[in-house]
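To start, the structure itself, in structure tokens.
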Amino acid sequence: AAIEASAQGVSVGLVCKSLLGKAHTVMAEGGMAASLRNADPRDNWEVHFRDTIRGGKHINNWRMVEIFCQEAAARVSELEEWGAIFDRTKEGLIAQRNFGGHRYPRLAHVGDRTGLELLRTLQNHGIHQGFEVYMECCVVELIKENDQVCGAFGFWRESGQFVVFKAKSVILATGGLGKVYKVTSNSWEGTGDGHALAYRAGAELIDMEFVQFHPTGMVWPPSVQGILVTEGVRGEGGILKNSDGKRFMFEYIPETFAAETSDSEGEASRWLKGDPEARRPPELLTRDVVAKAIRSERIAGRGSPHGGAFLDIASQRDAEYIKKKLPSMYHQFMKLGNLDITSKPMEVGPTCHYVMGGVRVEPETAMTTVKGLFAAGEVAGGLHGANRLGGNSLTDLLVFGARAGFHAAKYSKEIAEPFNPSEDLLKKMELISLEQFDPERTENPYSVMEDLQEIMENNAGIVRTKDEMEKGLELLQELKKRREKVRVEGNRQYNPAWHYALDLKNLLCVAEAITLAALKREESRGGHTRDDFPKSSESFQRVNSFISDKGGKMVIENREREPIPEYLQKLL
């Protein structure tokens, strides 16, 4: 987004909560999806469209998916031009691997370090494009004047000093909200900042009930619980086994799979018969299916010793192949778990990985429902529907990052002068940000954070029920009151407790949005599973959930969406 906006000739500032290049993107290891057709000439954007809509259980924003699938290949090629070093086929083309939910091998990859390579390439290219970078700076609130966003208010994490950014437009590219859950692959930055900032600025959130629990995170030792084990392990042939040594995924193929799969090769029937020679293994079903299967095996008493399942690639591939194709996974387990994955199976279990819901944006421009505010990447909702396909996240960043940058720059050029925020408004923001230093307060921010994660894990986790969620909403209201009594000690200079206290405001906002939306959707679909409504409902297939702030209260409504036009419907 910053690269594209800068290319349009406007002044750009890139504000990072942490360091430049330190982002959750590094956890997207397996690859980036694009119909390059290097591994299978039958692939094209239309098949990618069909896979993405099906993976999202038909509630995606169809126009976003169309744009995404049509532009993904060009964005990957552009990344290559900027210096990305991809794995290669024998012919020298970008190599592509199989991934869950994709009809053909579609994921361009760099071993199992694709996200890191994407970040490295954008960073190396971007720092020469003339934009300013402000690192370790945390944005606390967006600034609005005359119903449009005109900047941001934040503080430097090291000194605690406040800072104001004046701008004609603002792009949110803040990622996800995984830290709202106890077990997550997300790092400390993933506290739903962009979702909450947009919500408080008056933007709408869409489909917040859909949270993706990646099937394979580390489960042991406790200090590394939740760290991602890339889907690339399964893409390279890894299989899932229970404590009895049985390969169990053949038991969990959805009844609708054969009907939904237009399959001239008969792969659906081969899977349903338990044929291990099927072209793609059932371990590469969509992530929601695999995560729930691992959970079911654990509940049935067939889980691994530490409450997960066994992911075995050692019996499928030789040691040199594993070290070549999955170098990060090999080192990760050796260093963090003292386990050699070339000779022993890994213990894995579901971990909160991604949120499909987010800030509602206009597909063509990536602008939110608030003038001057744009969003791209995981913080934006609509593209992935009820469940994101692996590999679609990295290309999402490229496609809609570029669009957000282009249109934010275009929007800014049409404004003569930026608005100047009033001194009174800025003073008020300062005072609110310092409330936690009041010595009369009694609550501990770490304690509130721990309770929040426990509530979300138990009351709005992988499997949900009405009673649990209603109880969860009650508990969240109590936590809101406790947050208002949170006290931090010391001064503002690099004070992690203060940073935690400020993050809590955003986390409580997204926690309420997730639970409220999940309670309203009385069906199971994609990443959202209701024990009390185990089947998908046709009436809910036509609606998306929208959350907004009405007079200080979080309000949800379901709206019917525009039907997919005939020329795209044919592809399904």
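A note on labels: chains of the structure tokens are A, B, ... as shown, every chain counts residues from 1, and ligands are counted from 1 in their shown order.
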
Subject >> Those in segment 113-171 of chain A with strand (DSSP E or B) from DSSP, as an NGL selection string >> reply: :A and (132-134 or 137-145 or 148-156 or 162-166 or 170-171)

Subject >> Those of segment 173-300 of chain A in DSSP helix (DSSP H, G or I), formatted as a PyMOL selection string >> reply: chain A and resi 178-180+193-200+222-224+232-235+249-252+257-260+267-272+282-284+287-299

Could you produce a table of the residues of segment 107-222 of chain A lying within 8 Å of segment 414-428 of chain A, with the nearest pair of atoms per residue and their separation in Å rounded to one decimal, using only C-alpha atoms, ordered by chain and increasing residue number, as CSV?
```
residue,atom,partner,partner_atom,distance
A:Ile143,CA,A:Pro421,CA,7.1
A:Lys144,CA,A:Pro421,CA,7.6
A:Glu145,CA,A:Phe419,CA,6.8
A:Cys150,CA,A:Phe419,CA,6.1
A:Phe153,CA,A:Leu426,CA,7.7
A:Lys166,CA,A:Pro418,CA,7.2
A:Ala167,CA,A:Pro418,CA,6.2
A:Lys168,CA,A:Pro418,CA,5.3
```

Output N, CA, C and O atoms for every residue in the selection just made, as a PDB file, in the first residue's frame.
```
ATOM      1  N   ILE A 143      -8.218  10.251  14.036  1.00  0.00           N
ATOM      2  CA  ILE A 143      -8.729  11.619  14.207  1.00  0.00           C
ATOM      3  C   ILE A 143      -9.709  11.921  13.073  1.00  0.00           C
ATOM      4  O   ILE A 143      -9.413  11.672  11.897  1.00  0.00           O
ATOM      5  N   LYS A 144     -10.878  12.416  13.450  1.00  0.00           N
ATOM      6  CA  LYS A 144     -11.902  12.759  12.461  1.00  0.00           C
ATOM      7  C   LYS A 144     -12.308  14.224  12.576  1.00  0.00           C
ATOM      8  O   LYS A 144     -12.392  14.762  13.671  1.00  0.00           O
ATOM      9  N   GLU A 145     -12.539  14.838  11.449  1.00  0.00           N
ATOM     10  CA  GLU A 145     -13.126  16.178  11.379  1.00  0.00           C
ATOM     11  C   GLU A 145     -14.104  16.176  10.222  1.00  0.00           C
ATOM     12  O   GLU A 145     -13.808  15.625   9.157  1.00  0.00           O
ATOM     13  N   CYS A 150      -8.810  12.292   9.258  1.00  0.00           N
ATOM     14  CA  CYS A 150      -7.769  13.255   8.842  1.00  0.00           C
ATOM     15  C   CYS A 150      -6.471  13.061   9.623  1.00  0.00           C
ATOM     16  O   CYS A 150      -5.685  13.988   9.770  1.00  0.00           O
ATOM     17  N   PHE A 153      -3.700   9.570  16.164  1.00  0.00           N
ATOM     18  CA  PHE A 153      -3.062   9.958  17.424  1.00  0.00           C
ATOM     19  C   PHE A 153      -2.437   8.713  18.041  1.00  0.00           C
ATOM     20  O   PHE A 153      -3.086   7.663  18.134  1.00  0.00           O
ATOM     21  N   LYS A 166      -0.902  13.988  10.791  1.00  0.00           N
ATOM     22  CA  LYS A 166      -1.964  14.641  10.007  1.00  0.00           C
ATOM     23  C   LYS A 166      -1.922  14.079   8.593  1.00  0.00           C
ATOM     24  O   LYS A 166      -0.857  13.977   7.995  1.00  0.00           O
ATOM     25  N   ALA A 167      -3.077  13.697   8.068  1.00  0.00           N
ATOM     26  CA  ALA A 167      -3.114  13.066   6.748  1.00  0.00           C
ATOM     27  C   ALA A 167      -4.457  13.307   6.079  1.00  0.00           C
ATOM     28  O   ALA A 167      -5.470  13.490   6.748  1.00  0.00           O
ATOM     29  N   LYS A 168      -4.455  13.305   4.758  1.00  0.00           N
ATOM     30  CA  LYS A 168      -5.714  13.443   4.024  1.00  0.00           C
ATOM     31  C   LYS A 168      -6.440  12.102   3.906  1.00  0.00           C
ATOM     32  O   LYS A 168      -7.634  12.069   3.652  1.00  0.00           O
TER      33      LYS A 168
END
```

Subject >> For Ile3 of chain A, the nearest of the candidates A:Gly377, A:Gly83, A:Gly308, A:Gly130, counting only C-alpha atoms >> reply: A:Gly130

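In this structure, atom CA of Glu81 of chain A sits 9.7 Å away from atom CA of Thr121 of chain A.
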